[in-house]
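Student: Next up, upload.csv (CSV, C-alpha atoms).
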```csv
chain,number,residue,atom,x,y,z
A,200,MET,CA,148.4,251.2,88.2
A,201,PHE,CA,148.2,247.4,88.3
A,202,ASP,CA,150.7,245.0,87.0
A,203,THR,CA,147.9,242.6,86.1
A,204,VAL,CA,144.1,242.7,86.4
A,205,CYS,CA,142.6,239.2,86.6
A,206,LEU,CA,139.0,239.1,85.3
A,207,GLY,CA,136.4,236.4,85.5
A,208,HIS,CA,135.6,233.5,87.8
A,209,ILE,CA,135.4,233.8,91.6
A,210,CYS,CA,133.6,231.5,94.0
A,211,CYS,CA,133.5,230.3,97.6
A,212,ASP,CA,135.0,226.9,98.1
A,213,ILE,CA,133.9,224.5,100.8
A,214,LEU,CA,136.7,222.0,101.1
A,215,VAL,CA,136.2,218.6,102.6
A,216,LYS,CA,139.2,216.3,103.3
A,217,PRO,CA,139.4,213.4,103.1
A,218,LEU,CA,136.3,212.5,101.0
A,219,ASN,CA,136.9,209.5,98.7
A,220,THR,CA,133.3,208.4,98.4
A,221,LEU,CA,129.9,209.8,99.2
A,222,PRO,CA,127.8,208.2,102.0
A,223,GLU,CA,124.8,206.1,101.0
A,224,ARG,CA,121.6,208.0,100.4
A,225,GLY,CA,120.1,209.0,103.8
A,226,LYS,CA,123.3,208.1,105.7
A,227,LEU,CA,126.0,210.1,107.3
A,228,SER,CA,129.8,209.6,107.1
A,229,LEU,CA,132.6,211.4,108.9
A,230,THR,CA,135.6,213.3,107.7
A,231,GLU,CA,138.5,215.2,109.3
A,232,ASN,CA,138.3,218.7,108.0
A,233,PHE,CA,135.9,221.3,106.5
A,234,LYS,CA,137.3,224.7,105.4
A,235,MET,CA,135.7,227.7,103.7
A,236,LEU,CA,138.2,229.4,101.3
A,237,GLN,CA,138.1,231.7,98.4
A,238,GLY,CA,138.2,230.0,95.0
A,239,GLY,CA,137.7,230.8,91.3
A,240,CYS,CA,140.4,230.8,88.6
A,241,ALA,CA,140.7,234.6,88.2
A,242,ALA,CA,140.5,235.3,91.9
A,243,ASN,CA,143.1,232.7,92.7
A,244,THR,CA,145.5,234.0,90.2
A,245,ALA,CA,145.1,237.6,91.5
A,246,ILE,CA,145.9,236.5,95.0
A,247,ASP,CA,148.9,234.5,93.9
A,248,LEU,CA,150.3,237.4,92.0
A,249,ALA,CA,149.9,239.6,95.1
A,250,LYS,CA,151.7,237.0,97.2
A,251,LEU,CA,154.5,236.9,94.7
A,252,GLY,CA,155.0,240.7,95.2
A,253,LEU,CA,153.1,242.0,92.1
A,254,LYS,CA,150.3,244.5,92.1
A,255,SER,CA,147.1,242.8,91.1
A,256,GLY,CA,143.4,243.7,90.8
A,257,PHE,CA,140.3,241.6,90.3
A,258,VAL,CA,137.3,242.2,88.1
A,259,GLY,CA,134.3,240.0,88.7
A,260,LYS,CA,130.8,239.6,90.3
A,261,VAL,CA,129.6,238.4,93.7
A,262,GLY,CA,126.2,238.3,95.3
A,263,GLY,CA,124.9,240.3,98.2
A,264,ASP,CA,125.3,237.5,100.7
A,265,GLY,CA,127.8,236.2,103.2
A,266,PHE,CA,129.8,234.3,100.6
A,267,GLY,CA,130.2,237.6,98.6
A,268,ASP,CA,131.3,239.6,101.7
A,269,PHE,CA,133.7,236.8,102.6
A,270,LEU,CA,135.3,236.8,99.2
A,271,LYS,CA,135.8,240.5,99.0
A,272,ALA,CA,137.3,240.5,102.5
A,273,VAL,CA,139.8,237.8,101.5
A,274,LEU,CA,140.9,239.6,98.3
A,275,ARG,CA,141.5,242.8,100.2
A,276,ALA,CA,143.4,241.0,103.0
A,277,ASP,CA,145.7,239.4,100.5
A,278,GLY,CA,146.4,242.8,98.8
A,279,VAL,CA,144.3,242.5,95.7
A,280,GLY,CA,142.5,245.6,94.4
A,281,THR,CA,138.7,245.1,94.6
A,282,GLU,CA,137.5,248.5,93.3
A,283,TYR,CA,136.1,246.8,90.2
A,284,VAL,CA,134.2,244.0,91.9
A,285,VAL,CA,130.5,244.2,91.2
A,286,THR,CA,128.0,243.2,94.0
A,287,ALA,CA,124.6,242.0,92.8
A,288,SER,CA,122.4,242.4,95.9
A,289,GLU,CA,119.6,240.1,94.7
A,290,GLU,CA,121.9,237.3,93.4
A,291,GLU,CA,123.8,234.4,95.1
A,292,THR,CA,127.5,234.2,95.0
A,293,SER,CA,129.0,231.2,93.1
A,294,ALA,CA,130.1,228.3,95.3
A,295,SER,CA,131.8,224.9,95.0
A,296,LEU,CA,131.9,221.8,97.2
A,297,VAL,CA,135.5,220.4,96.8
A,298,ALA,CA,136.0,216.8,97.8
A,299,ILE,CA,139.7,216.1,98.4
A,300,GLY,CA,140.8,212.4,98.3
A,301,ASP,CA,143.6,210.8,100.2
A,302,ASP,CA,145.8,211.2,97.1
A,303,GLY,CA,145.3,215.0,97.0
A,304,GLU,CA,143.1,214.8,93.9
A,305,ARG,CA,139.8,216.7,94.0
A,306,SER,CA,136.2,216.3,92.7
A,307,VAL,CA,134.1,219.4,92.5
A,308,VAL,CA,130.4,220.2,92.6
A,309,HIS,CA,129.8,223.8,91.4
A,310,ALA,CA,127.0,226.3,91.4
A,311,PHE,CA,127.4,229.1,88.8
A,312,GLY,CA,125.8,231.8,91.0
A,313,THR,CA,126.8,235.3,89.9
A,314,ASN,CA,129.3,234.0,87.5
A,315,ALA,CA,126.3,232.9,85.3
A,316,THR,CA,125.2,236.6,84.8
A,317,PHE,CA,128.6,238.3,84.8
A,318,CYS,CA,128.8,240.1,81.5
A,319,LEU,CA,130.4,243.1,79.7
A,320,GLU,CA,127.7,245.5,81.1
A,321,ASP,CA,129.0,244.7,84.6
A,322,ILE,CA,132.5,245.9,83.9
A,323,ASP,CA,133.8,249.4,84.4
A,324,LEU,CA,136.1,249.5,81.4
A,325,SER,CA,138.2,252.3,82.9
A,326,PHE,CA,140.2,249.5,84.5
A,327,LEU,CA,141.8,249.0,81.0
A,328,ASN,CA,143.7,252.3,81.6
A,329,GLU,CA,145.2,251.0,84.8
A,330,THR,CA,146.9,247.7,83.9
A,331,LYS,CA,149.7,246.2,81.9
A,332,ILE,CA,148.2,242.8,81.6
A,333,LEU,CA,144.6,241.5,81.3
A,334,PHE,CA,144.3,237.9,82.4
A,335,VAL,CA,140.9,236.2,81.8
A,336,GLY,CA,140.5,233.3,84.2
A,337,GLY,CA,137.8,230.7,84.2
A,338,ALA,CA,136.7,230.9,80.6
A,339,MET,CA,134.0,228.2,80.0
A,340,LEU,CA,132.5,228.9,83.5
A,341,LEU,CA,131.2,232.4,82.5
A,342,PRO,CA,128.2,231.6,80.3
A,343,ALA,CA,127.1,235.2,79.8
A,344,PHE,CA,130.6,236.5,79.2
A,345,ASP,CA,132.2,233.7,77.2
A,346,GLY,CA,131.8,234.4,73.5
A,347,VAL,CA,131.0,237.9,72.1
A,348,ASN,CA,131.5,239.7,75.5
A,349,SER,CA,134.9,238.2,75.9
A,350,GLU,CA,135.9,239.0,72.4
A,351,GLU,CA,134.8,242.6,72.7
A,352,LEU,CA,136.7,243.1,76.0
A,353,LEU,CA,139.9,241.5,74.6
A,354,ARG,CA,139.6,243.6,71.5
A,355,GLN,CA,139.4,246.8,73.5
A,356,ALA,CA,142.3,245.7,75.6
A,357,ARG,CA,144.5,244.9,72.6
A,358,ASP,CA,143.6,248.3,71.1
A,359,ARG,CA,145.2,249.8,74.3
A,360,ASN,CA,148.3,247.6,73.8
A,361,ILE,CA,147.5,245.6,76.9
A,362,LEU,CA,149.0,242.1,77.0
A,363,CYS,CA,146.0,239.7,76.9
A,364,CYS,CA,146.1,236.2,78.5
A,365,MET,CA,143.6,233.5,79.1
A,366,ASP,CA,143.2,230.3,81.1
A,367,THR,CA,140.2,227.9,80.8
A,368,ALA,CA,138.2,225.7,83.0
A,369,TRP,CA,136.5,222.4,82.3
A,370,ASP,CA,133.5,222.8,80.0
A,371,SER,CA,130.8,220.5,81.3
A,372,THR,CA,128.5,221.5,78.4
A,373,GLY,CA,131.0,220.1,75.8
A,374,LYS,CA,130.9,223.2,73.6
A,375,TRP,CA,134.6,224.0,74.0
A,376,MET,CA,135.9,225.9,71.0
A,377,GLU,CA,132.4,227.1,70.2
A,378,LYS,CA,132.6,229.2,73.4
A,379,ILE,CA,136.1,230.8,73.1
A,380,GLY,CA,137.3,230.3,69.5
A,381,GLY,CA,136.5,233.9,68.6
A,382,SER,CA,138.5,235.2,71.5
A,383,LEU,CA,141.8,233.4,70.7
A,384,LYS,CA,142.9,235.8,68.0
A,385,TYR,CA,143.2,238.5,70.6
A,386,LEU,CA,145.5,236.5,73.0
A,387,ASP,CA,149.2,237.1,73.5
A,388,TRP,CA,149.3,234.1,75.8
A,389,PHE,CA,146.9,231.1,76.1
A,390,LEU,CA,147.6,228.8,79.1
A,391,PRO,CA,145.1,225.9,79.3
A,392,SER,CA,145.6,222.6,81.1
A,393,TYR,CA,146.5,219.6,79.0
A,394,GLU,CA,143.0,217.9,79.6
A,395,GLU,CA,141.2,221.1,78.5
A,396,ALA,CA,143.6,221.7,75.6
A,397,VAL,CA,142.9,218.2,74.2
A,398,CYS,CA,139.2,218.9,74.2
A,399,LEU,CA,139.6,222.3,72.7
A,400,ALA,CA,141.8,220.8,70.0
A,401,GLY,CA,139.2,218.2,69.0
A,402,GLY,CA,140.9,215.3,70.7
A,403,GLU,CA,144.5,215.9,69.5
A,404,LYS,CA,146.9,214.4,72.1
A,405,LYS,CA,150.3,215.8,71.2
A,406,PRO,CA,151.1,219.1,72.9
A,407,GLU,CA,153.1,220.3,69.9
A,408,ALA,CA,150.2,219.7,67.5
A,409,ILE,CA,147.7,221.2,70.0
A,410,ALA,CA,149.7,224.4,70.2
A,411,ASN,CA,149.8,224.6,66.4
A,412,ILE,CA,146.0,224.3,66.3
A,413,PHE,CA,145.6,227.2,68.8
A,414,MET,CA,148.0,229.3,66.8
A,415,GLY,CA,145.9,228.6,63.8
A,416,TYR,CA,143.1,230.5,65.6
A,417,GLY,CA,145.4,233.5,66.0
A,418,VAL,CA,147.0,232.9,69.5
A,419,LYS,CA,150.5,234.3,69.6
A,420,ASN,CA,152.1,232.1,72.3
A,421,VAL,CA,150.8,228.9,73.9
A,422,VAL,CA,151.6,227.3,77.2
A,423,ILE,CA,150.0,223.9,78.0
A,424,LYS,CA,150.1,222.9,81.6
A,425,LEU,CA,151.1,219.2,82.1
A,426,GLY,CA,150.6,218.8,85.9
A,427,TYR,CA,153.5,217.1,87.6
A,428,GLU,CA,155.3,216.8,84.3
A,429,GLY,CA,155.7,220.5,84.0
A,430,CYS,CA,154.5,222.3,80.8
A,431,PHE,CA,155.0,222.6,77.1
A,432,VAL,CA,155.6,226.1,75.7
A,433,LYS,CA,155.3,227.2,72.1
A,434,PRO,CA,156.5,230.8,71.7
A,435,GLN,CA,155.5,232.9,68.7
A,436,ASP,CA,159.1,233.2,67.6
A,437,GLY,CA,161.0,230.0,68.3
A,438,ASP,CA,160.7,226.3,68.7
A,439,GLY,CA,158.4,224.7,71.3
A,440,PHE,CA,160.0,223.1,74.4
A,441,TYR,CA,159.1,221.2,77.5
A,442,SER,CA,159.9,222.6,81.0
A,443,LYS,CA,160.3,219.9,83.7
A,444,GLY,CA,158.1,219.8,86.8
A,445,TYR,CA,159.2,219.3,90.3
A,446,LYS,CA,158.2,215.7,91.0
A,447,LYS,CA,159.8,215.0,94.4
A,448,ILE,CA,157.1,217.0,96.3
A,449,ARG,CA,154.1,215.2,97.7
A,450,ALA,CA,150.8,216.9,96.8
A,451,VAL,CA,148.3,217.5,99.6
A,452,ASP,CA,145.7,219.3,97.5
A,453,THR,CA,145.9,220.1,93.8
A,454,SER,CA,143.2,222.8,94.0
A,455,GLY,CA,144.4,226.0,92.4
A,456,ALA,CA,147.6,224.5,91.0
A,457,GLY,CA,146.9,225.7,87.4
A,458,ASP,CA,146.0,229.2,88.6
A,459,SER,CA,149.2,229.5,90.6
A,460,PHE,CA,151.1,228.3,87.5
A,461,CYS,CA,149.6,231.1,85.6
A,462,ALA,CA,150.5,233.6,88.3
A,463,GLY,CA,154.1,232.4,88.3
A,464,PHE,CA,154.4,232.6,84.5
A,465,LEU,CA,153.0,236.2,84.5
A,466,ALA,CA,155.1,237.2,87.4
A,467,GLY,CA,158.2,236.1,85.6
A,468,PHE,CA,157.1,237.8,82.4
A,469,LEU,CA,156.6,241.1,84.4
A,470,LYS,CA,160.1,240.7,85.8
A,471,GLY,CA,161.5,240.6,82.3
A,472,TRP,CA,162.8,237.0,82.5
A,473,ASP,CA,163.2,234.9,79.4
A,474,ILE,CA,160.4,232.5,78.5
A,475,PRO,CA,162.2,229.3,79.7
A,476,ARG,CA,162.8,230.8,83.2
A,477,CYS,CA,159.2,232.0,83.3
A,478,ALA,CA,158.1,228.4,82.7
A,479,GLN,CA,160.4,227.0,85.3
A,480,PHE,CA,159.2,229.5,87.9
A,481,ALA,CA,155.6,228.8,87.0
A,482,ASN,CA,156.2,225.1,87.6
A,483,ALA,CA,157.7,225.9,91.0
A,484,VAL,CA,154.9,228.1,92.1
A,485,GLY,CA,152.4,225.3,91.2
A,486,THR,CA,154.6,222.9,93.3
A,487,PHE,CA,154.3,225.2,96.3
A,488,CYS,CA,150.5,225.5,95.8
A,489,VAL,CA,149.8,221.8,96.1
A,490,GLN,CA,151.6,221.4,99.4
A,491,GLU,CA,148.8,223.0,101.4
A,492,ILE,CA,145.0,222.7,101.5
A,493,GLY,CA,143.3,225.5,99.5
A,494,THR,CA,143.8,227.2,96.2
A,495,THR,CA,146.3,229.9,97.3
A,496,LYS,CA,147.6,229.0,100.9
A,497,GLY,CA,150.7,227.2,99.7
A,498,VAL,CA,152.0,230.0,97.5
A,499,LYS,CA,155.0,231.8,99.2
A,500,PRO,CA,157.0,235.0,98.4
A,501,MET,CA,159.0,235.0,95.3
A,502,ASN,CA,162.4,234.8,97.0
A,503,GLU,CA,161.5,231.7,98.8
A,504,ILE,CA,160.4,230.0,95.6
A,505,LEU,CA,163.5,231.1,93.8
A,506,ARG,CA,165.7,229.6,96.6
A,507,PHE,CA,163.8,226.3,96.2
A,508,MET,CA,164.5,226.3,92.5
A,509,GLU,CA,168.2,226.9,93.1
A,510,SER,CA,168.5,224.0,95.6
A,511,TYR,CA,166.3,221.5,93.8
A,512,THR,CA,168.0,218.5,92.0
A,513,TYR,CA,166.0,216.6,89.4
```
So that I can check it, write out the structure of this file as structure tokens.

Tutor:
Amino acid sequence: MFDTVCLGHICCDILVKPLNTLPERGKLSLTENFKMLQGGCAANTAIDLAKLGLKSGFVGKVGGDGFGDFLKAVLRADGVGTEYVVTASEEETSASLVAIGDDGERSVVHAFGTNATFCLEDIDLSFLNETKILFVGGAMLLPAFDGVNSEELLRQARDRNILCCMDTAWDSTGKWMEKIGGSLKYLDWFLPSYEEAVCLAGGEKKPEAIANIFMGYGVKNVVIKLGYEGCFVKPQDGDGFYSKGYKKIRAVDTSGAGDSFCAGFLAGFLKGWDIPRCAQFANAVGTFCVQEIGTTKGVKPMNEILRFMESYTY
């Protein structure tokens, strides 16, 4: 039995640091570091949950190539269940080139790969009998799954009384709510970043108003990630509130910060904490994430993060 199954986006990340500008066409420039790491919103969250001491599984699709073999090996090594990962032997695994600037911010060039064809037919729905929470990660980057496939899976999960959660990615096609609007009514928790939330809400800037828009679509509870500022939470029963971020920590790489936040929030929820403590812990997990290069390398065991929270002064 899993505490959480994370379903959706997985890719192989090639990280380059530092890379502030591209070389001129036909020219070569030097950098300090190349790394190949696992990436993808759902895969990152699954690994982070395992590192926090929860039992997590991953559902997604990789290709029959070296990148796919690498990703499955990383998931297993980090303690994530991979029995529901589909391997498409004739397809190429999704990959990203991640350029990390001197300030820790990242720019990404992404190839959809197997994420482009991942759909409901790829999923062994028996996993729904083996989890307490379903977390869909990387909505907007799953073109065959976003929309009616997502809606049907979430409907079936809700029919089994599984807690349903979703995080989004940036939609370079600009369709936004057209892709996921029908899925929102099945969500117990919706956890987008502020930038994505603004676009989904049609340009609305105030987190309180954005949360109300999402709830109008049927979402029960909303968390809007605000980066270094922390987050805004609007629970179904209660007033919305802001939870402060941990600003004294220098970011090395912001890759995966939002995914680690989601893992922290879900971990707290599974531990039975109240919502403000879940938000505080999620902020702290995100803070640990950005202190090392890679999407999951900075996340530490739960007790270490709790000690940091106890000793931190704002």

Student: Go through A:Asn482, A:Ser454, A:Thr512, A:Asn420 and flag the residue nearest Gly238 of chain A, using all atoms listed in the file for the distances.

Tutor: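 Ranking A:Asn482, A:Ser454, A:Thr512, A:Asn420 by distance to Gly238 of chain A, first place goes to A:Ser454.
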
Student: Of the candidates A:Val422, A:Ala294, A:Met235, A:Met200, which shows the shortest atom-to-atom distance to Leu327 of chain A, using all atoms listed in the file?

Tutor: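 Nearest candidate to Leu327 of chain A out of A:Val422, A:Ala294, A:Met235, A:Met200: A:Met200.
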
Student: Do you have, as a Markdown table, the list of residues of segment 425-494 of chain A lying at most 12 Å from segment 295-301 of chain A, each with its nearest atom pair and that distance in Å to one decimal, counting all atoms listed in the file and ordered by chain then number?

Tutor:
```
| residue | atom | partner | partner_atom | distance |
| --- | --- | --- | --- | --- |
| A:Arg449 | CA | A:Asp301 | CA | 11.7 |
| A:Ala450 | CA | A:Asp301 | CA | 10.0 |
| A:Val451 | CA | A:Asp301 | CA | 8.2 |
| A:Asp452 | CA | A:Ile299 | CA | 6.9 |
| A:Thr453 | CA | A:Ile299 | CA | 8.7 |
| A:Ser454 | CA | A:Val297 | CA | 8.5 |
| A:Gly455 | CA | A:Val297 | CA | 11.4 |
| A:Val489 | CA | A:Ile299 | CA | 11.8 |
| A:Glu491 | CA | A:Ile299 | CA | 11.8 |
| A:Ile492 | CA | A:Ile299 | CA | 9.0 |
| A:Gly493 | CA | A:Val297 | CA | 9.7 |
| A:Thr494 | CA | A:Val297 | CA | 10.7 |
```

Student: Which residue, A:Asp323, A:Asp302, A:Glu329, A:Glu231, has the smallest gap to Val285 of chain A when you use only C-alpha atoms?

Tutor: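 Counting only C-alpha atoms, the residue closest to Val285 of chain A is A:Asp323.
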
Student: Of the candidates A:Gly402, A:Asp277, A:Asp438, A:Leu341, which one gets nearest to Thr372 of chain A if we count only C-alpha atoms?

Tutor: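 Of A:Gly402, A:Asp277, A:Asp438, A:Leu341, the one nearest Thr372 of chain A, counting only C-alpha atoms, is A:Leu341.
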
Student: Which residues come within 6 Å of segment 444-446 of chain A, counting only C-alpha atoms, excluding same-chain residues fewer than 4 positions away, as a compact mmCIF listing (two decimals) with C-alpha atoms, in the coordinates of the input?

Tutor:
```
# COMPACT_ATOMS: atom_id res chain seq x y z
CA TYR A 427 153.50 217.10 87.60
CA GLU A 428 155.30 216.80 84.30
CA GLY A 429 155.70 220.50 84.00
CA ASN A 482 156.20 225.10 87.60
```

Student: Measuring atom to atom with all atoms listed in the file, identify which of A:Gly256, A:Pro434, A:Gly207, A:Gly401 is nearest to Leu319 of chain A.

Tutor: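 Ranked by minimum distance to Leu319 of chain A, first place goes to A:Gly207.
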
Student: Show which residues sit within 9 Å of segment 498-504 of chain A, as a PyMOL selection string. Count all atoms listed in the file, and ignore same-chain residues fewer than 3 positions away.

Tutor: chain A and resi 247+250-252+459+463+480+483-491+494-495+507-509

Student: Would you mind exporting C-alpha atoms of the selected residues as a PDB file, in the coordinates of the input?

Tutor:
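Once everything was written out, this is again.pdb:
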```pdb
ATOM      1  CA  ASP A 247     148.900 234.500  93.900  1.00  0.00           C
ATOM      2  CA  LYS A 250     151.700 237.000  97.200  1.00  0.00           C
ATOM      3  CA  LEU A 251     154.500 236.900  94.700  1.00  0.00           C
ATOM      4  CA  GLY A 252     155.000 240.700  95.200  1.00  0.00           C
ATOM      5  CA  SER A 459     149.200 229.500  90.600  1.00  0.00           C
ATOM      6  CA  GLY A 463     154.100 232.400  88.300  1.00  0.00           C
ATOM      7  CA  PHE A 480     159.200 229.500  87.900  1.00  0.00           C
ATOM      8  CA  ALA A 483     157.700 225.900  91.000  1.00  0.00           C
ATOM      9  CA  VAL A 484     154.900 228.100  92.100  1.00  0.00           C
ATOM     10  CA  GLY A 485     152.400 225.300  91.200  1.00  0.00           C
ATOM     11  CA  THR A 486     154.600 222.900  93.300  1.00  0.00           C
ATOM     12  CA  PHE A 487     154.300 225.200  96.300  1.00  0.00           C
ATOM     13  CA  CYS A 488     150.500 225.500  95.800  1.00  0.00           C
ATOM     14  CA  VAL A 489     149.800 221.800  96.100  1.00  0.00           C
ATOM     15  CA  GLN A 490     151.600 221.400  99.400  1.00  0.00           C
ATOM     16  CA  GLU A 491     148.800 223.000 101.400  1.00  0.00           C
ATOM     17  CA  THR A 494     143.800 227.200  96.200  1.00  0.00           C
ATOM     18  CA  THR A 495     146.300 229.900  97.300  1.00  0.00           C
ATOM     19  CA  PHE A 507     163.800 226.300  96.200  1.00  0.00           C
ATOM     20  CA  MET A 508     164.500 226.300  92.500  1.00  0.00           C
ATOM     21  CA  GLU A 509     168.200 226.900  93.100  1.00  0.00           C
TER      22      GLU A 509
END
```

Student: Using only C-alpha atoms, which of A:Thr286, A:Pro222, A:Phe326, A:Ala276 sits nearest Asn314 of chain A?

Tutor: A:Thr286

Student: For atom CA of Gly239 of chain A and atom CA of Met414 of chain A, determine how far apart the two atoms are, in Å to one decimal place.

Tutor: 26.6 Å

Student: Find the residues near Thr203 of chain A: any atom within 12 Å, counting only C-alpha atoms, skip ones fewer than 2 places away on the same chain, and give them as a PyMOL selection string.

Tutor: chain A and resi 200-201+205-206+241-242+244-249+252-258+279-280+326-335+361-364+461-462+465-466+468-469

Student: What gap, in Å, lies between atom CA of Asp212 of chain A and atom CA of His309 of chain A?

Tutor: 9.0 Å

Student: Excluding Lys384 of chain A and residues on its chain fewer than 4 positions from it, collect all residues at most 7 Å away from it, counting only C-alpha atoms, and give them as a ChimeraX atom specification.

Tutor: /A:416-418

Student: Which value, in Å to one decimal, gives the distance between atom CA of Leu352 of chain A and atom CA of Leu324 of chain A?

Tutor: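 Separating atom CA of Leu352 of chain A from atom CA of Leu324 of chain A is a distance of 8.4 Å.
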
Student: Give me the residues near Phe440 of chain A as a list in words, where near means some atom within 7 Å (using all atoms listed in the file) and where sequence neighbours in that chain fewer than 4 positions away do not count.

Tutor: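 Residues near the query, excluding close chain neighbours: Phe431, Val432 and Lys433 of chain A.
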
Student: Pull the neighbourhood of (150.3, 218.6, 73.7) for me: all residues within 12 Å in file coordinates, counting all atoms listed in the file, as a ChimeraX atom specification.

Tutor: /A:390-400,402-413,421-425,428-433,439-441
